[in-house]
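As stored in structure.pdb (PDB, C-alpha atoms and all ligand atoms):
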```pdb
ATOM      1  CA  MET A   1     -19.155   5.062  15.296
ATOM      2  CA  GLY A   2     -15.671   4.381  13.965
ATOM      3  CA  LEU A   3     -13.249   6.795  12.309
ATOM      4  CA  LEU A   4     -14.271   5.488   8.872
ATOM      5  CA  SER A   5     -17.930   4.839   9.536
ATOM      6  CA  ARG A   6     -19.710   3.907   6.277
ATOM      7  CA  LYS A   7     -16.811   5.094   4.112
ATOM      8  CA  VAL A   8     -16.172   2.947   1.046
ATOM      9  CA  CYS A   9     -12.480   2.069   1.152
ATOM     10  CA  LEU A  10     -10.607   0.114  -1.534
ATOM     11  CA  VAL A  11      -7.340  -1.650  -0.702
ATOM     12  CA  THR A  12      -5.124  -3.284  -3.341
ATOM     13  CA  GLY A  13      -2.976  -6.267  -2.383
ATOM     14  CA  ALA A  14      -5.348  -6.845   0.532
ATOM     15  CA  GLY A  15      -4.571 -10.537   0.990
ATOM     16  CA  GLN A  16      -1.577 -10.438   3.302
ATOM     17  CA  GLY A  17       1.014  -8.208   4.972
ATOM     18  CA  LEU A  18       0.254  -4.498   5.142
ATOM     19  CA  GLY A  19      -2.816  -4.742   2.889
ATOM     20  CA  ARG A  20      -4.422  -7.310   5.182
ATOM     21  CA  SER A  21      -3.708  -5.261   8.293
ATOM     22  CA  ILE A  22      -4.978  -2.019   6.702
ATOM     23  CA  SER A  23      -8.159  -3.788   5.534
ATOM     24  CA  LEU A  24      -8.908  -5.282   8.956
ATOM     25  CA  GLU A  25      -8.263  -1.958  10.712
ATOM     26  CA  MET A  26     -10.529  -0.152   8.239
ATOM     27  CA  ALA A  27     -13.299  -2.691   8.911
ATOM     28  CA  ARG A  28     -12.868  -2.210  12.667
ATOM     29  CA  GLU A  29     -13.277   1.541  12.068
ATOM     30  CA  GLY A  30     -16.615   0.936  10.369
ATOM     31  CA  ALA A  31     -15.621   1.126   6.694
ATOM     32  CA  GLU A  32     -17.141  -0.843   3.821
ATOM     33  CA  VAL A  33     -13.875  -2.466   2.745
ATOM     34  CA  VAL A  34     -13.385  -3.491  -0.869
ATOM     35  CA  LEU A  35     -10.579  -6.051  -1.046
ATOM     36  CA  LEU A  36      -8.637  -6.173  -4.324
ATOM     37  CA  GLU A  37      -6.182  -9.055  -4.533
ATOM     38  CA  ARG A  38      -4.808 -11.414  -7.165
ATOM     39  CA  ASN A  39      -4.393 -14.405  -4.846
ATOM     40  CA  ALA A  40      -7.757 -16.172  -4.419
ATOM     41  CA  THR A  41      -6.782 -18.060  -1.250
ATOM     42  CA  SER A  42      -5.545 -15.051   0.717
ATOM     43  CA  LEU A  43      -8.437 -12.950  -0.607
ATOM     44  CA  SER A  44     -11.033 -15.312   0.810
ATOM     45  CA  SER A  45      -9.141 -15.695   4.061
ATOM     46  CA  VAL A  46      -9.033 -11.906   4.732
ATOM     47  CA  SER A  47     -12.630 -11.672   3.645
ATOM     48  CA  ALA A  48     -13.521 -14.320   6.260
ATOM     49  CA  GLU A  49     -11.538 -12.438   8.921
ATOM     50  CA  ILE A  50     -13.561  -9.298   8.209
ATOM     51  CA  GLU A  51     -16.859 -11.215   8.313
ATOM     52  CA  ALA A  52     -15.735 -12.657  11.664
ATOM     53  CA  LEU A  53     -15.613  -9.076  12.948
ATOM     54  CA  ASP A  54     -19.307  -8.835  12.026
ATOM     55  CA  HIS A  55     -18.602  -6.618   9.022
ATOM     56  CA  LYS A  56     -19.458  -7.269   5.420
ATOM     57  CA  ALA A  57     -16.413  -7.668   3.158
ATOM     58  CA  HIS A  58     -16.425  -6.929  -0.576
ATOM     59  CA  PRO A  59     -13.755  -9.194  -2.110
ATOM     60  CA  TYR A  60     -12.727  -8.986  -5.761
ATOM     61  CA  LEU A  61     -10.119 -11.148  -7.428
ATOM     62  CA  LEU A  62      -7.956  -8.695  -9.384
ATOM     63  CA  ASP A  63      -4.498  -8.439 -10.825
ATOM     64  CA  VAL A  64      -4.021  -4.666 -10.702
ATOM     65  CA  THR A  65      -2.312  -4.719 -14.104
ATOM     66  CA  ASP A  66      -5.502  -6.094 -15.712
ATOM     67  CA  TYR A  67      -6.959  -2.662 -16.416
ATOM     68  CA  ALA A  68     -10.115  -3.835 -18.194
ATOM     69  CA  ARG A  69     -11.100  -5.901 -15.150
ATOM     70  CA  TYR A  70      -9.986  -3.119 -12.766
ATOM     71  CA  GLU A  71     -12.290  -0.680 -14.581
ATOM     72  CA  SER A  72     -15.267  -3.026 -14.499
ATOM     73  CA  ILE A  73     -14.765  -3.690 -10.763
ATOM     74  CA  ILE A  74     -14.709   0.051 -10.040
ATOM     75  CA  GLY A  75     -17.993   0.357 -11.977
ATOM     76  CA  GLU A  76     -19.511  -2.510  -9.976
ATOM     77  CA  VAL A  77     -18.406  -1.007  -6.660
ATOM     78  CA  ILE A  78     -19.959   2.362  -7.526
ATOM     79  CA  ALA A  79     -23.181   0.649  -8.664
ATOM     80  CA  LYS A  80     -23.332  -1.453  -5.488
ATOM     81  CA  LEU A  81     -22.034   0.896  -2.787
ATOM     82  CA  GLY A  82     -22.785   4.267  -4.362
ATOM     83  CA  ARG A  83     -19.420   5.951  -3.844
ATOM     84  CA  ILE A  84     -15.679   5.578  -3.403
ATOM     85  CA  ASP A  85     -14.162   7.450  -0.472
ATOM     86  CA  VAL A  86     -10.670   5.979  -0.216
ATOM     87  CA  LEU A  87      -8.238   4.102  -2.442
ATOM     88  CA  VAL A  88      -5.132   2.591  -0.857
ATOM     89  CA  ASN A  89      -2.571   1.703  -3.534
ATOM     90  CA  ASN A  90      -0.732  -0.996  -1.619
ATOM     91  CA  ALA A  91      -0.107  -3.947  -3.991
ATOM     92  CA  ALA A  92       3.522  -4.368  -5.025
ATOM     93  CA  ILE A  93       6.217  -6.922  -5.691
ATOM     94  CA  ASN A  94       9.863  -6.777  -4.690
ATOM     95  CA  PRO A  95      11.682  -9.686  -6.235
ATOM     96  CA  ALA A  96      15.270 -10.009  -5.033
ATOM     97  CA  THR A  97      18.222  -9.031  -7.175
ATOM     98  CA  ARG A  98      16.938  -6.498  -9.609
ATOM     99  CA  THR A  99      20.255  -4.816 -10.381
ATOM    100  CA  ILE A 100      21.286  -2.851 -13.425
ATOM    101  CA  LEU A 101      24.004  -5.407 -14.149
ATOM    102  CA  ASN A 102      21.805  -8.489 -13.804
ATOM    103  CA  ASP A 103      18.172  -7.775 -14.530
ATOM    104  CA  THR A 104      16.461  -7.754 -17.901
ATOM    105  CA  LEU A 105      14.321  -5.114 -19.561
ATOM    106  CA  GLU A 106      11.404  -7.546 -19.253
ATOM    107  CA  GLU A 107      11.899  -7.774 -15.454
ATOM    108  CA  TRP A 108      12.232  -3.982 -15.188
ATOM    109  CA  ARG A 109       8.970  -3.510 -17.073
ATOM    110  CA  GLN A 110       7.121  -6.097 -14.980
ATOM    111  CA  SER A 111       8.200  -4.386 -11.763
ATOM    112  CA  ILE A 112       7.300  -0.896 -13.009
ATOM    113  CA  ALA A 113       3.941  -2.190 -14.310
ATOM    114  CA  ILE A 114       2.820  -3.442 -10.886
ATOM    115  CA  ASN A 115       4.699  -1.044  -8.606
ATOM    116  CA  LEU A 116       4.117   2.226 -10.449
ATOM    117  CA  GLU A 117       1.877   2.063 -13.518
ATOM    118  CA  ALA A 118      -0.945   0.248 -11.685
ATOM    119  CA  VAL A 119      -0.831   2.967  -9.005
ATOM    120  CA  TYR A 120      -1.427   5.531 -11.748
ATOM    121  CA  MET A 121      -4.211   3.444 -13.282
ATOM    122  CA  GLY A 122      -6.029   2.687 -10.019
ATOM    123  CA  SER A 123      -5.950   6.384  -9.139
ATOM    124  CA  LYS A 124      -7.129   7.327 -12.632
ATOM    125  CA  LEU A 125     -10.065   4.920 -12.361
ATOM    126  CA  VAL A 126     -11.356   6.255  -9.023
ATOM    127  CA  ALA A 127     -10.593   9.974  -9.482
ATOM    128  CA  PRO A 128     -13.629  10.829 -11.685
ATOM    129  CA  GLN A 129     -16.023   9.425  -9.038
ATOM    130  CA  MET A 130     -14.212  11.397  -6.322
ATOM    131  CA  VAL A 131     -14.465  14.540  -8.455
ATOM    132  CA  LYS A 132     -18.242  13.926  -8.712
ATOM    133  CA  GLN A 133     -18.431  13.555  -4.940
ATOM    134  CA  GLN A 134     -16.116  16.553  -4.413
ATOM    135  CA  SER A 135     -14.267  14.444  -1.858
ATOM    136  CA  GLY A 136     -11.883  11.524  -1.672
ATOM    137  CA  ARG A 137      -8.612  10.188  -0.338
ATOM    138  CA  ILE A 138      -5.908   8.438  -2.291
ATOM    139  CA  ILE A 139      -3.173   6.888  -0.185
ATOM    140  CA  HIS A 140      -0.088   5.355  -1.749
ATOM    141  CA  VAL A 141       2.108   2.822   0.023
ATOM    142  CA  ALA A 142       5.613   3.881  -1.018
ATOM    143  CA  SER A 143       8.769   2.866   0.856
ATOM    144  CA  ILE A 144      11.927   4.341   2.321
ATOM    145  CA  GLN A 145      13.386   2.627  -0.767
ATOM    146  CA  GLY A 146      11.875   5.545  -2.681
ATOM    147  CA  PHE A 147      14.695   7.754  -1.414
ATOM    148  CA  ALA A 148      17.352   5.361  -0.023
ATOM    149  CA  ALA A 149      18.612   2.245  -1.758
ATOM    150  CA  SER A 150      19.843  -1.200  -0.804
ATOM    151  CA  GLY A 151      21.477  -1.538  -4.223
ATOM    152  CA  ASP A 152      19.742  -4.726  -5.270
ATOM    153  CA  CYS A 153      16.263  -3.687  -6.319
ATOM    154  CA  GLY A 154      16.624  -0.815  -8.759
ATOM    155  CA  SER A 155      13.246  -1.024 -10.465
ATOM    156  CA  TYR A 156      11.493  -1.155  -7.059
ATOM    157  CA  ASN A 157      13.471   1.947  -5.948
ATOM    158  CA  ALA A 158      12.561   3.739  -9.168
ATOM    159  CA  ALA A 159       8.869   2.859  -8.793
ATOM    160  CA  LYS A 160       8.679   3.950  -5.153
ATOM    161  CA  GLY A 161      10.537   7.203  -5.886
ATOM    162  CA  GLY A 162       8.092   7.760  -8.743
ATOM    163  CA  ILE A 163       5.152   7.255  -6.381
ATOM    164  CA  ILE A 164       6.531   9.846  -3.956
ATOM    165  CA  ALA A 165       6.879  12.451  -6.729
ATOM    166  CA  TYR A 166       3.505  11.513  -8.192
ATOM    167  CA  THR A 167       1.843  11.974  -4.774
ATOM    168  CA  LYS A 168       2.758  15.657  -4.990
ATOM    169  CA  SER A 169       1.593  16.023  -8.572
ATOM    170  CA  MET A 170      -1.755  14.377  -7.832
ATOM    171  CA  ALA A 171      -2.242  16.439  -4.660
ATOM    172  CA  VAL A 172      -1.721  19.678  -6.579
ATOM    173  CA  GLU A 173      -3.974  18.632  -9.458
ATOM    174  CA  LEU A 174      -6.801  17.184  -7.357
ATOM    175  CA  GLY A 175      -6.836  19.581  -4.387
ATOM    176  CA  ARG A 176      -9.489  21.771  -6.047
ATOM    177  CA  TYR A 177     -11.885  18.803  -5.906
ATOM    178  CA  ASN A 178     -11.239  18.179  -2.206
ATOM    179  CA  ILE A 179      -9.337  14.995  -3.041
ATOM    180  CA  LEU A 180      -6.420  14.555  -0.662
ATOM    181  CA  VAL A 181      -3.444  12.508  -1.838
ATOM    182  CA  ASN A 182      -0.808  11.325   0.612
ATOM    183  CA  ALA A 183       1.676   8.479   0.948
ATOM    184  CA  VAL A 184       3.320   6.373   3.618
ATOM    185  CA  ALA A 185       6.903   5.136   3.443
ATOM    186  CA  PRO A 186       7.426   2.085   5.631
ATOM    187  CA  GLY A 187      10.925   0.951   6.576
ATOM    188  CA  PHE A 188      11.684  -2.693   7.404
ATOM    189  CA  MET A 189       8.419  -4.595   7.846
ATOM    190  CA  ALA A 190       7.914  -8.188   8.925
ATOM    191  CA  THR A 191       5.602  -9.369   6.138
ATOM    192  CA  PRO A 192       5.769 -12.214   3.594
ATOM    193  CA  MET A 193       7.541  -9.768   1.226
ATOM    194  CA  SER A 194      10.486  -9.698   3.634
ATOM    195  CA  ILE A 195      11.023 -13.460   3.640
ATOM    196  CA  VAL A 196      13.943 -14.190   1.323
ATOM    197  CA  ASN A 197      14.823 -17.837   0.633
ATOM    198  CA  GLY A 198      12.634 -18.848   3.554
ATOM    199  CA  VAL A 199      14.325 -16.472   6.016
ATOM    200  CA  GLU A 200      12.617 -13.394   7.511
ATOM    201  CA  GLU A 201      15.166 -10.599   7.043
ATOM    202  CA  ALA A 202      14.693  -9.230  10.580
ATOM    203  CA  THR A 203      15.940 -12.532  12.053
ATOM    204  CA  THR A 204      19.307 -12.607  10.247
ATOM    205  CA  PRO A 205      22.521 -12.075  12.265
ATOM    206  CA  ASP A 206      23.351  -8.976  10.158
ATOM    207  CA  PHE A 207      19.997  -7.366  10.888
ATOM    208  CA  LEU A 208      20.193  -8.173  14.604
ATOM    209  CA  GLU A 209      23.728  -6.829  14.923
ATOM    210  CA  TRP A 210      23.441  -3.693  12.826
ATOM    211  CA  TYR A 211      19.834  -2.496  13.036
ATOM    212  CA  VAL A 212      18.957  -3.761  16.522
ATOM    213  CA  GLY A 213      22.294  -4.114  18.378
ATOM    214  CA  ARG A 214      23.820  -0.900  17.045
ATOM    215  CA  ARG A 215      20.462   0.847  17.012
ATOM    216  CA  LYS A 216      20.655   1.781  13.321
ATOM    217  CA  ILE A 217      16.894   1.563  13.813
ATOM    218  CA  PRO A 218      16.562   3.796  16.904
ATOM    219  CA  LEU A 219      13.441   1.939  18.071
ATOM    220  CA  GLY A 220      15.518  -1.260  17.930
ATOM    221  CA  ARG A 221      13.200  -3.596  16.061
ATOM    222  CA  THR A 222      11.651  -4.293  12.690
ATOM    223  CA  GLY A 223       8.220  -2.870  11.923
ATOM    224  CA  TYR A 224       4.958  -4.820  11.890
ATOM    225  CA  PRO A 225       1.924  -4.244   9.652
ATOM    226  CA  GLU A 226      -0.007  -2.823  12.625
ATOM    227  CA  ASP A 227       2.677  -0.096  12.909
ATOM    228  CA  VAL A 228       1.575   1.215   9.512
ATOM    229  CA  SER A 229      -2.168   0.618   9.403
ATOM    230  CA  GLY A 230      -2.945   3.244  12.071
ATOM    231  CA  SER A 231      -1.232   5.930   9.984
ATOM    232  CA  VAL A 232      -3.247   4.895   6.940
ATOM    233  CA  ILE A 233      -6.448   5.104   9.009
ATOM    234  CA  PHE A 234      -5.465   8.643  10.017
ATOM    235  CA  LEU A 235      -4.856   9.647   6.377
ATOM    236  CA  ALA A 236      -8.224   8.150   5.382
ATOM    237  CA  SER A 237     -10.142   9.740   8.259
ATOM    238  CA  ASP A 238     -11.663  13.163   8.808
ATOM    239  CA  TYR A 239      -8.836  13.914  11.262
ATOM    240  CA  CYS A 240      -6.679  14.403   8.167
ATOM    241  CA  ARG A 241      -8.291  17.290   6.344
ATOM    242  CA  TYR A 242      -5.656  19.979   5.699
ATOM    243  CA  MET A 243      -2.779  17.759   4.688
ATOM    244  CA  THR A 244      -2.100  16.674   1.122
ATOM    245  CA  GLY A 245       0.942  15.809  -0.982
ATOM    246  CA  GLN A 246       2.764  14.515   2.088
ATOM    247  CA  LEU A 247       4.787  11.425   2.916
ATOM    248  CA  LEU A 248       4.657   9.833   6.370
ATOM    249  CA  VAL A 249       7.865   7.898   7.037
ATOM    250  CA  ILE A 250       7.210   4.914   9.319
ATOM    251  CA  ASP A 251      10.620   3.340   9.872
ATOM    252  CA  GLY A 252      11.370   3.268  13.599
ATOM    253  CA  GLY A 253      13.712   6.224  13.023
ATOM    254  CA  LEU A 254      15.995   4.477  10.501
ATOM    255  CA  MET A 255      16.152   7.437   8.099
ATOM    256  CA  SER A 256      17.039   9.804  10.947
ATOM    257  CA  THR A 257      20.371   8.120  11.656
ATOM    258  CA  PHE A 258      23.714   8.226   9.839
TER     259      PHE A 258
HETATM  260  N1  LIG B 301       7.683  -5.492   3.610
HETATM  261  C1  LIG B 301       8.437  -4.425   3.662
HETATM  262  O1  LIG B 301       9.550  -4.432   4.250
HETATM  263  C2  LIG B 301       7.985  -3.137   3.023
HETATM  264  C3  LIG B 301       8.728  -1.981   3.279
HETATM  265  C4  LIG B 301       8.340  -0.785   2.696
HETATM  266  C5  LIG B 301       7.226  -0.748   1.876
HETATM  267  N2  LIG B 301       6.525  -1.884   1.640
HETATM  268  C6  LIG B 301       5.367  -1.760   0.758
HETATM  269  O2  LIG B 301       4.206  -2.137   1.463
HETATM  270  C7  LIG B 301       3.230  -2.630   0.540
HETATM  271  C8  LIG B 301       2.755  -3.993   1.013
HETATM  272  O3  LIG B 301       3.871  -4.853   1.079
HETATM  273  P1  LIG B 301       3.889  -6.179   1.947
HETATM  274  O4  LIG B 301       5.165  -6.175   2.674
HETATM  275  O5  LIG B 301       2.615  -6.319   2.679
HETATM  276  O6  LIG B 301       4.008  -7.234   0.753
HETATM  277  P2  LIG B 301       3.426  -8.706   0.590
HETATM  278  O7  LIG B 301       4.186  -9.304  -0.529
HETATM  279  O8  LIG B 301       3.415  -9.398   1.891
HETATM  280  O9  LIG B 301       1.916  -8.422   0.132
HETATM  281  C9  LIG B 301       1.639  -7.838  -1.123
HETATM  282  C10 LIG B 301       0.235  -8.231  -1.553
HETATM  283  O10 LIG B 301       0.010  -7.637  -2.836
HETATM  284  C11 LIG B 301      -0.533  -8.641  -3.697
HETATM  285  N3  LIG B 301      -0.165  -8.315  -5.078
HETATM  286  C12 LIG B 301       1.065  -8.304  -5.638
HETATM  287  N4  LIG B 301       0.984  -8.024  -6.943
HETATM  288  C13 LIG B 301      -0.338  -7.850  -7.229
HETATM  289  C14 LIG B 301      -1.060  -7.557  -8.402
HETATM  290  N5  LIG B 301      -0.440  -7.417  -9.585
HETATM  291  N6  LIG B 301      -2.398  -7.432  -8.324
HETATM  292  C15 LIG B 301      -3.048  -7.584  -7.145
HETATM  293  N7  LIG B 301      -2.413  -7.899  -5.994
HETATM  294  C16 LIG B 301      -1.073  -8.026  -6.035
HETATM  295  C17 LIG B 301       0.098  -9.935  -3.230
HETATM  296  O11 LIG B 301      -0.626 -11.069  -3.680
HETATM  297  C18 LIG B 301       0.066  -9.742  -1.732
HETATM  298  O12 LIG B 301      -1.160 -10.150  -1.179
HETATM  299  C19 LIG B 301       3.928  -2.683  -0.820
HETATM  300  O13 LIG B 301       3.606  -1.520  -1.548
HETATM  301  C20 LIG B 301       5.397  -2.665  -0.449
HETATM  302  O14 LIG B 301       6.198  -2.164  -1.485
HETATM  303  C21 LIG B 301       6.860  -3.075   2.213
END
```

Starting from the file, lay out its structure as structure tokens.
Ligand SMILES: NC(=O)c1ccc[n+]([C@@H]2O[C@H](COP(=O)([O-])OP(=O)(O)OC[C@H]3O[C@@H](n4cnc5c(N)ncnc54)[C@H](O)[C@@H]3O)[C@@H](O)[C@H]2O)c1
Amino acid sequence: MGLLSRKVCLVTGAGQGLGRSISLEMAREGAEVVLLERNATSLSSVSAEIEALDHKAHPYLLDVTDYARYESIIGEVIAKLGRIDVLVNNAAINPATRTILNDTLEEWRQSIAINLEAVYMGSKLVAPQMVKQQSGRIIHVASIQGFAASGDCGSYNAAKGGIIAYTKSMAVELGRYNILVNAVAPGFMATPMSIVNGVEEATTPDFLEWYVGRRKIPLGRTGYPEDVSGSVIFLASDYCRYMTGQLLVIDGGLMSTF
């Protein structure tokens, strides 16, 4: 018996990085994992990894901004698996150099559509089923960039800050239905998102000098997907039952320094 035994857990952006790690960990904990991902190759590869653990995977090719398809997938999942216990809103993009001086309204809208609006829509699509069940967990993957900025990804900052505020609003609204809504805010993470121009940001001389050498990150290293997935498992599990509207910061201590 795992911590998520037989729970139906949906993960967006499940094909790589944090989404992949969260999905695998959920499968190990006994969940029926529904993988939602827009990249067909990574989707089938994570699906195969889950099957290799002797668990059944439920992969769906989905761009989370395609709301008609998102809605029909949610209907199919309910018809097939009978319920939805957990939604992890993880999919996001963080294209470099989104600054107020250089980006375009089109780029701003594209970022907000994936990073914030699709979080609203995914939650809106699963909430009625969770209300019927009188139970559910919605977990948003925010970022420390929701309350601290690097100065070069404004729309991403705005979206993540929006998610943090929206976590509270949803928790207050949905608490009466026993739906718990929480968020995690990772700091630096070694995932494909953090590779800029072919270079993993945690390997640059600046990162090694400032964040590791000078211990700007007190734990002295970048984070890895496995550093986050355990916290998501906790938020999805029955061990988390009197906590809602909260943000778990998983940054190696970065936000505690000055
Ligand atoms: N990497 C970091 O340093 C870092 C730090 C803090 C927070 N985060 C957050 O963690 C989450 C996961 O990030 P990651 O680092 O694993 O990123 P990643 O780029 O490695 O993975 C993101 C996944 O989401 C998928 N995706 C993107 N847009 C999609 C869409 N429209 N529809 C469906 N799938 C889509 C991608 O195909 C990919 O598989 C994101 O919410 C990100 O903002 C990452």

Quiz prompt | Given all atoms listed in the file as the counted atoms, nearest of A:Ser231, A:Ser143, A:Gln129, A:Thr203 to A:Ala79 | solution =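 For A:Ala79, the nearest of the candidates is A:Gln129.
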
Exercise. Convert the output of the PyMOL selection byres (((chain A and resi 17-26) around 7) and not hetatm) on the shown file into explicit residues, formatted as a list of chain:residue names.
Key: A:Leu4, A:Val11, A:Thr12, A:Gly13, A:Ala14, A:Gly15, A:Gln16, A:Ala27, A:Arg28, A:Glu29, A:Gly30, A:Ala31, A:Val33, A:Val46, A:Ile50, A:Asn90, A:Thr191, A:Pro192, A:Pro225, A:Glu226, A:Ser229, A:Ile233

Stretch 99-112 of chain A: which residues within 6 Å, counting all atoms listed in the file, same-chain residues fewer than 2 positions away excluded, as an mmCIF file with C-alpha atoms, keeping the file's coordinate frame?
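For reference, result-v5.cif as written:
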```cif
data_model
loop_
_atom_site.group_PDB
_atom_site.id
_atom_site.type_symbol
_atom_site.label_atom_id
_atom_site.label_comp_id
_atom_site.auth_asym_id
_atom_site.auth_seq_id
_atom_site.Cartn_x
_atom_site.Cartn_y
_atom_site.Cartn_z
ATOM 1 C CA THR A 97 18.222 -9.031 -7.175
ATOM 2 C CA ILE A 114 2.820 -3.442 -10.886
ATOM 3 C CA ASN A 115 4.699 -1.044 -8.606
ATOM 4 C CA LEU A 116 4.117 2.226 -10.449
ATOM 5 C CA ASP A 152 19.742 -4.726 -5.270
ATOM 6 C CA CYS A 153 16.263 -3.687 -6.319
ATOM 7 C CA GLY A 154 16.624 -0.815 -8.759
ATOM 8 C CA SER A 155 13.246 -1.024 -10.465
ATOM 9 C CA ALA A 159 8.869 2.859 -8.793
#
```

Self-check item: Surroundings of ligand LIG 301 (chain B) up to 9 Å, based on all atoms listed in the file, as a PyMOL selection string
Solution: chain A and resi 12-21+36-40+42-43+61-66+89-94+113-115+118+140-145+156+160+184-195+201+222-225+250-251

Exercise. Using the chain letters and numbers from the file, give me the residues hit by the PyMOL selection byres (((chain A and resi 254) around 8) and not hetatm), as a PyMOL selection string.
Key: chain A and resi 187+216-218+251-253+255-257

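Taking atom CA of A:Ser5 and atom CA of A:Glu32 as the two end points, the separation is 8.1 Å.
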
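Using only C-alpha atoms, the nearest neighbour of A:Leu174 within the list A:Gly245, A:Thr204, A:Gly75, A:Ser44 is A:Gly245.
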
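Residues lying within 7 Å of A:Leu10, counting only C-alpha atoms and ignoring same-chain neighbours fewer than 4 positions away, are Val33, Val34, Leu35, Val86, Leu87 and Val88 of chain A.
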